[in-house]
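Dropping final09.cif in here (mmCIF, C-alpha atoms):
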data_final
#
loop_
_atom_site.label_atom_id
_atom_site.label_comp_id
_atom_site.auth_asym_id
_atom_site.auth_seq_id
_atom_site.Cartn_x
_atom_site.Cartn_y
_atom_site.Cartn_z
CA MET T 1 90.62 153.69 48.06
CA SER T 2 89.01 152.50 44.82
CA LYS T 3 88.54 148.85 43.96
CA PRO T 4 90.63 147.37 41.14
CA ILE T 5 88.98 147.23 37.74
CA SER T 6 89.16 144.06 35.66
CA VAL T 7 89.61 144.60 31.93
CA ALA T 8 88.97 141.84 29.42
CA PHE T 9 88.80 142.58 25.71
CA ASP T 10 86.08 140.81 23.76
CA THR T 11 88.37 138.72 21.58
CA SER T 12 85.44 137.73 19.38
CA LEU T 13 85.51 141.29 18.05
CA SER T 14 89.05 140.75 16.83
CA ASN T 15 88.27 137.27 15.50
CA PHE T 16 85.13 138.25 13.67
CA GLU T 17 86.40 138.49 10.10
CA SER T 18 84.10 141.20 8.79
CA ILE T 19 84.83 143.53 11.70
CA GLY T 20 88.51 142.64 11.85
CA GLU T 21 89.00 143.16 8.13
CA LYS T 22 86.89 146.29 8.03
CA PHE T 23 88.88 148.03 10.76
CA ARG T 24 92.31 146.42 10.37
CA ASN T 25 93.47 149.02 7.84
CA HIS T 26 91.17 151.80 8.97
CA GLN T 27 93.07 155.04 9.58
CA LEU T 28 92.59 155.79 13.28
CA ASN T 29 92.87 159.45 14.18
CA SER T 30 91.32 158.83 17.55
CA VAL T 31 90.04 155.89 19.55
CA TRP T 32 86.71 157.69 19.78
CA ASN T 33 86.05 158.22 16.03
CA ASN T 34 83.64 156.20 13.91
CA LYS T 35 81.66 154.27 16.50
CA ASN T 36 82.07 150.54 16.04
CA PRO T 37 82.27 147.63 18.50
CA LEU T 38 86.06 147.86 18.75
CA HIS T 39 86.01 151.58 19.54
CA GLU T 40 83.05 151.33 21.89
CA GLU T 41 84.75 148.67 23.99
CA VAL T 42 87.88 150.80 24.42
CA GLU T 43 85.77 153.87 25.17
CA GLU T 44 83.93 151.97 27.93
CA ILE T 45 87.23 150.84 29.46
CA TYR T 46 88.56 154.43 29.37
CA ALA T 47 85.37 155.82 30.93
CA GLU T 48 85.38 153.22 33.71
CA ILE T 49 89.01 153.93 34.62
CA ILE T 50 88.57 157.72 34.49
CA SER T 51 85.46 157.59 36.67
CA ASN T 52 86.97 155.25 39.28
CA PHE T 53 90.37 156.82 39.88
CA ASP T 54 91.61 160.33 40.60
CA LEU T 55 94.18 160.77 37.83
CA THR T 56 96.63 163.55 37.02
CA ASP T 57 96.54 165.19 33.58
CA PHE T 58 99.66 163.20 32.67
CA GLN T 59 98.00 159.91 33.62
CA VAL T 60 94.86 160.76 31.64
CA VAL T 61 96.90 161.54 28.51
CA CYS T 62 99.02 158.39 28.91
CA LEU T 63 95.96 156.24 29.53
CA ASN T 64 94.32 157.61 26.39
CA ASP T 65 97.48 156.94 24.35
CA LEU T 66 97.89 153.46 25.83
CA LEU T 67 94.28 152.45 25.18
CA HIS T 68 94.59 153.82 21.65
CA ALA T 69 97.63 151.54 21.23
CA PHE T 70 95.68 148.57 22.64
CA HIS T 71 92.97 149.26 20.11
CA LYS T 72 95.46 149.51 17.27
CA ILE T 73 97.31 146.28 18.04
CA ARG T 74 94.29 144.16 18.94
CA VAL T 75 93.53 143.42 15.29
CA LEU T 76 97.19 142.72 14.55
CA ILE T 77 98.06 140.18 17.22
CA ASP T 78 96.68 136.77 18.06
CA PRO T 79 93.41 137.37 19.97
CA ASP T 80 94.50 134.71 22.46
CA LYS T 81 97.24 137.14 23.56
CA LEU T 82 94.61 139.70 24.62
CA LYS T 83 94.46 138.28 28.12
CA PRO T 84 92.47 140.11 30.80
CA PHE T 85 94.32 142.56 33.02
CA LYS T 86 93.49 144.63 36.08
CA VAL T 87 93.78 148.35 36.74
CA ASP T 88 94.37 149.78 40.20
CA MET T 89 95.81 152.85 41.92
CA THR T 90 98.65 152.53 44.41
CA GLU T 91 98.82 154.51 47.62
CA GLU T 92 101.63 156.51 45.97
CA GLY T 93 99.27 157.62 43.18
CA GLU T 94 100.50 155.33 40.38
CA LEU T 95 97.91 153.97 37.99
CA CYS T 96 98.85 150.32 37.43
CA LEU T 97 97.74 148.06 34.62
CA TYR T 98 98.83 144.57 35.54
CA ARG T 99 98.41 140.99 34.43
CA ASN T 100 99.28 137.84 36.31
CA SER T 101 100.02 134.86 34.07
CA GLN T 102 101.39 131.37 34.53
CA ILE T 103 104.89 132.67 33.89
CA GLY T 104 104.84 135.86 35.96
CA LEU T 105 103.47 139.31 36.77
CA THR T 106 103.50 142.07 34.14
CA ASN T 107 102.94 145.65 35.29
CA ILE T 108 102.67 149.02 33.55
CA ALA T 109 102.69 151.91 36.02
CA LEU T 110 101.74 155.48 35.09
CA ALA T 111 103.24 157.55 37.89
CA ASP T 112 101.87 160.94 38.84
CA ASP T 113 105.41 162.35 38.52
CA GLU T 114 105.38 161.78 34.74
CA LEU T 115 107.20 158.47 34.57
CA ILE T 116 106.00 155.26 32.92
CA THR T 117 107.42 151.99 34.22
CA TYR T 118 107.22 148.50 32.76
CA SER T 119 108.13 145.56 34.94
CA PHE T 120 107.95 141.82 34.52
CA ILE T 121 108.54 139.58 37.51
CA PRO T 122 108.80 135.97 36.32
CA ARG T 123 108.06 132.99 38.52
CA GLU T 124 111.53 131.80 37.52
CA GLY T 125 114.43 133.72 36.09
CA LYS T 126 115.43 137.35 35.94
CA SER T 127 113.03 140.28 36.31
CA LYS T 128 112.75 143.00 33.65
CA LEU T 129 112.40 146.71 34.32
CA HIS T 130 112.15 149.51 31.77
CA PHE T 131 111.43 153.22 32.23
CA PHE T 132 109.80 155.51 29.70
CA GLU T 133 110.33 159.20 30.42
CA PRO T 134 108.22 161.51 28.25
CA GLU T 135 110.19 164.55 29.45
CA LEU T 136 113.44 163.05 28.10
CA GLU T 137 112.21 161.00 25.14
CA ALA T 138 111.02 162.73 21.98
CA LYS T 139 108.09 160.31 21.67
CA VAL T 140 107.05 157.47 23.94
CA ASP T 141 106.08 154.40 21.91
CA PHE T 142 102.77 153.37 23.49
CA GLU T 143 102.41 150.49 21.04
CA GLU T 144 105.64 149.02 22.46
CA ILE T 145 104.23 149.41 25.98
CA ALA T 146 100.94 147.79 24.93
CA TYR T 147 102.79 144.84 23.38
CA LEU T 148 104.82 144.46 26.60
CA LEU T 149 101.66 144.08 28.69
CA PHE T 150 100.46 141.18 26.53
CA ALA T 151 103.87 139.63 25.77
CA ASN T 152 104.14 137.33 28.81
#
Would you kindly transcribe this structure into structure tokens?
Amino acid sequence: MSKPISVAFDTSLSNFESIGEKFRNHQLNSVWNNKNPLHEEVEEIYAEIISNFDLTDFQVVCLNDLLHAFHKIRVLIDPDKLKPFKVDMTEEGELCLYRNSQIGLTNIALADDELITYSFIPREGKSKLHFFEPELEAKVDFEEIAYLLFAN
């Protein structure tokens, strides 16, 4: 079983005005285009996850789309919201991106049976659970999923 990977975005890249302004309105066709510090960081995260876990084609595509969404929103939201998160694989084959905060546990699971699950388990109050099913939905909004990971 692989060890969990810790992911922490370099928030100084988002804060640095010249980089932030330069790439804020840049048309992004792919996370991998036009090498710059923002792209390179996401590419390194992607490569580390891909090399450490045995993923299905569905999980690879979803991971790519989700990291692309992270990259896109990182210059739009408060850099203090870009809290570190961990990535691990469950025994059932789900790739989990999760973040434990003072208010609860946020989890995004990319299942090998083509289901994406968001859950938030607060320290107090009611839990949240949402399913994204690419087979049934015309287009999964990966930006929404990315925002959910950093929302709590």
Evaluate the PyMOL selection byres ((chain T and resi 110-114) around 10) against this structure - the residues, as a list in words, please.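 With the shown file as input, the PyMOL selection byres ((chain T and resi 110-114) around 10) matches Leu55, Thr56, Asp57, Phe58, Gln59, Val60, Cys62, Leu63, Met89, Thr90, Glu92, Gly93, Glu94, Leu95, Cys96, Leu97, Asn107, Ile108, Ala109, Leu115, Ile116, Thr117, Tyr118, Phe132, Glu133, Pro134 and Glu135 of chain T.
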Have a look at atom CA of Ile45 of chain T and atom CA of Phe85 of chain T and let me know their distance in Å, one decimal.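 Spanning atom CA of Ile45 of chain T to atom CA of Phe85 of chain T is a straight-line distance of 11.5 Å.
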Taking the file above as input, evaluate the PyMOL selection byres ((chain T and resi 99) around 10) and report the hits as a PyMOL selection string. chain T and resi 6-7+83-87+96-98+100-101+104-108+120+149-150+152
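Nearest-residue note for Ala146 of chain T: choosing from T:Ile103, T:Leu129, T:Leu67, T:Val61, the minimum distance belongs to T:Leu67, counting all atoms listed in the file.
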Shortest interatomic distance to Phe142 of chain T - which of T:Val42, T:Ala69, T:Ile49, T:Ile121, counting all atoms listed in the file: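 Of all the options, T:Ala69 lies closest to Phe142 of chain T.
Taking atom CA of Asp65 of chain T and atom CA of Asp141 of chain T as the two end points, the separation is 9.3 Å.
When all atoms listed in the file are used to measure the gap to Lys128 of chain T, the shortest distance among T:Leu66, T:Ile77, T:Ile50, T:Leu148 belongs to T:Leu148.
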Take atom CA of Ala151 of chain T and atom CA of Gly125 of chain T and report the distance between them in Å, one decimal. 15.9 Å
Please, could N, CA and C atoms be added to segment 100-129 of chain T and the result written as an mmCIF file, keeping the file's coordinate frame?
data_model
loop_
_atom_site.group_PDB
_atom_site.id
_atom_site.type_symbol
_atom_site.label_atom_id
_atom_site.label_comp_id
_atom_site.auth_asym_id
_atom_site.auth_seq_id
_atom_site.Cartn_x
_atom_site.Cartn_y
_atom_site.Cartn_z
ATOM 1 N N ASN T 100 98.600 138.982 35.711
ATOM 2 C CA ASN T 100 99.280 137.840 36.310
ATOM 3 C C ASN T 100 99.057 136.648 35.393
ATOM 4 N N SER T 101 100.135 136.016 34.949
ATOM 5 C CA SER T 101 100.020 134.860 34.070
ATOM 6 C C SER T 101 100.726 133.670 34.700
ATOM 7 N N GLN T 102 100.724 132.560 34.019
ATOM 8 C CA GLN T 102 101.390 131.370 34.530
ATOM 9 C C GLN T 102 102.890 131.558 34.634
ATOM 10 N N ILE T 103 103.431 132.495 33.855
ATOM 11 C CA ILE T 103 104.890 132.670 33.890
ATOM 12 C C ILE T 103 105.352 133.864 34.704
ATOM 13 N N GLY T 104 104.420 134.741 35.132
ATOM 14 C CA GLY T 104 104.840 135.860 35.960
ATOM 15 C C GLY T 104 103.857 137.014 35.980
ATOM 16 N N LEU T 105 104.277 138.102 36.608
ATOM 17 C CA LEU T 105 103.470 139.310 36.770
ATOM 18 C C LEU T 105 104.013 140.407 35.867
ATOM 19 N N THR T 106 103.143 140.943 35.002
ATOM 20 C CA THR T 106 103.500 142.070 34.140
ATOM 21 C C THR T 106 102.792 143.297 34.663
ATOM 22 N N ASN T 107 103.497 144.430 34.730
ATOM 23 C CA ASN T 107 102.940 145.650 35.290
ATOM 24 C C ASN T 107 103.366 146.856 34.460
ATOM 25 N N ILE T 108 102.401 147.713 34.149
ATOM 26 C CA ILE T 108 102.670 149.020 33.550
ATOM 27 C C ILE T 108 102.174 150.042 34.567
ATOM 28 N N ALA T 109 103.055 150.902 35.030
ATOM 29 C CA ALA T 109 102.690 151.910 36.020
ATOM 30 C C ALA T 109 102.820 153.307 35.420
ATOM 31 N N LEU T 110 101.743 154.084 35.531
ATOM 32 C CA LEU T 110 101.740 155.480 35.090
ATOM 33 C C LEU T 110 101.829 156.325 36.356
ATOM 34 N N ALA T 111 103.013 156.810 36.647
ATOM 35 C CA ALA T 111 103.240 157.550 37.890
ATOM 36 C C ALA T 111 102.731 158.983 37.749
ATOM 37 N N ASP T 112 102.349 159.560 38.879
ATOM 38 C CA ASP T 112 101.870 160.940 38.840
ATOM 39 C C ASP T 112 103.012 161.938 38.661
ATOM 40 N N ASP T 113 104.264 161.457 38.739
ATOM 41 C CA ASP T 113 105.410 162.350 38.520
ATOM 42 C C ASP T 113 105.971 162.209 37.105
ATOM 43 N N GLU T 114 105.082 161.820 36.171
ATOM 44 C CA GLU T 114 105.380 161.780 34.740
ATOM 45 C C GLU T 114 106.453 160.770 34.359
ATOM 46 N N LEU T 115 106.322 159.580 34.904
ATOM 47 C CA LEU T 115 107.200 158.470 34.570
ATOM 48 C C LEU T 115 106.335 157.249 34.294
ATOM 49 N N ILE T 116 106.700 156.499 33.258
ATOM 50 C CA ILE T 116 106.000 155.260 32.920
ATOM 51 C C ILE T 116 106.982 154.119 33.163
ATOM 52 N N THR T 117 106.540 153.108 33.891
ATOM 53 C CA THR T 117 107.420 151.990 34.220
ATOM 54 C C THR T 117 106.789 150.689 33.758
ATOM 55 N N TYR T 118 107.614 149.867 33.109
ATOM 56 C CA TYR T 118 107.220 148.500 32.760
ATOM 57 C C TYR T 118 108.040 147.568 33.617
ATOM 58 N N SER T 119 107.388 146.581 34.216
ATOM 59 C CA SER T 119 108.130 145.560 34.940
ATOM 60 C C SER T 119 107.518 144.197 34.655
ATOM 61 N N PHE T 120 108.389 143.206 34.630
ATOM 62 C CA PHE T 120 107.950 141.820 34.520
ATOM 63 C C PHE T 120 108.708 141.034 35.568
ATOM 64 N N ILE T 121 107.958 140.386 36.449
ATOM 65 C CA ILE T 121 108.540 139.580 37.510
ATOM 66 C C ILE T 121 108.164 138.125 37.224
ATOM 67 N N PRO T 122 109.119 137.361 36.679
ATOM 68 C CA PRO T 122 108.800 135.970 36.320
ATOM 69 C C PRO T 122 108.771 135.074 37.557
ATOM 70 N N ARG T 123 108.080 133.972 37.434
ATOM 71 C CA ARG T 123 108.060 132.990 38.520
ATOM 72 C C ARG T 123 109.441 132.348 38.653
ATOM 73 N N GLU T 124 110.149 132.284 37.530
ATOM 74 C CA GLU T 124 111.530 131.800 37.520
ATOM 75 C C GLU T 124 112.336 132.696 36.599
ATOM 76 N N GLY T 125 113.563 132.919 36.949
ATOM 77 C CA GLY T 125 114.430 133.720 36.090
ATOM 78 C C GLY T 125 114.567 135.156 36.540
ATOM 79 N N LYS T 126 115.072 135.972 35.640
ATOM 80 C CA LYS T 126 115.430 137.350 35.940
ATOM 81 C C LYS T 126 114.276 138.312 35.619
ATOM 82 N N SER T 127 114.053 139.260 36.509
ATOM 83 C CA SER T 127 113.030 140.280 36.310
ATOM 84 C C SER T 127 113.473 141.280 35.252
ATOM 85 N N LYS T 128 112.481 141.952 34.642
ATOM 86 C CA LYS T 128 112.750 143.000 33.650
ATOM 87 C C LYS T 128 112.149 144.300 34.161
ATOM 88 N N LEU T 129 112.866 145.384 33.920
ATOM 89 C CA LEU T 129 112.400 146.710 34.320
ATOM 90 C C LEU T 129 112.810 147.705 33.243
#
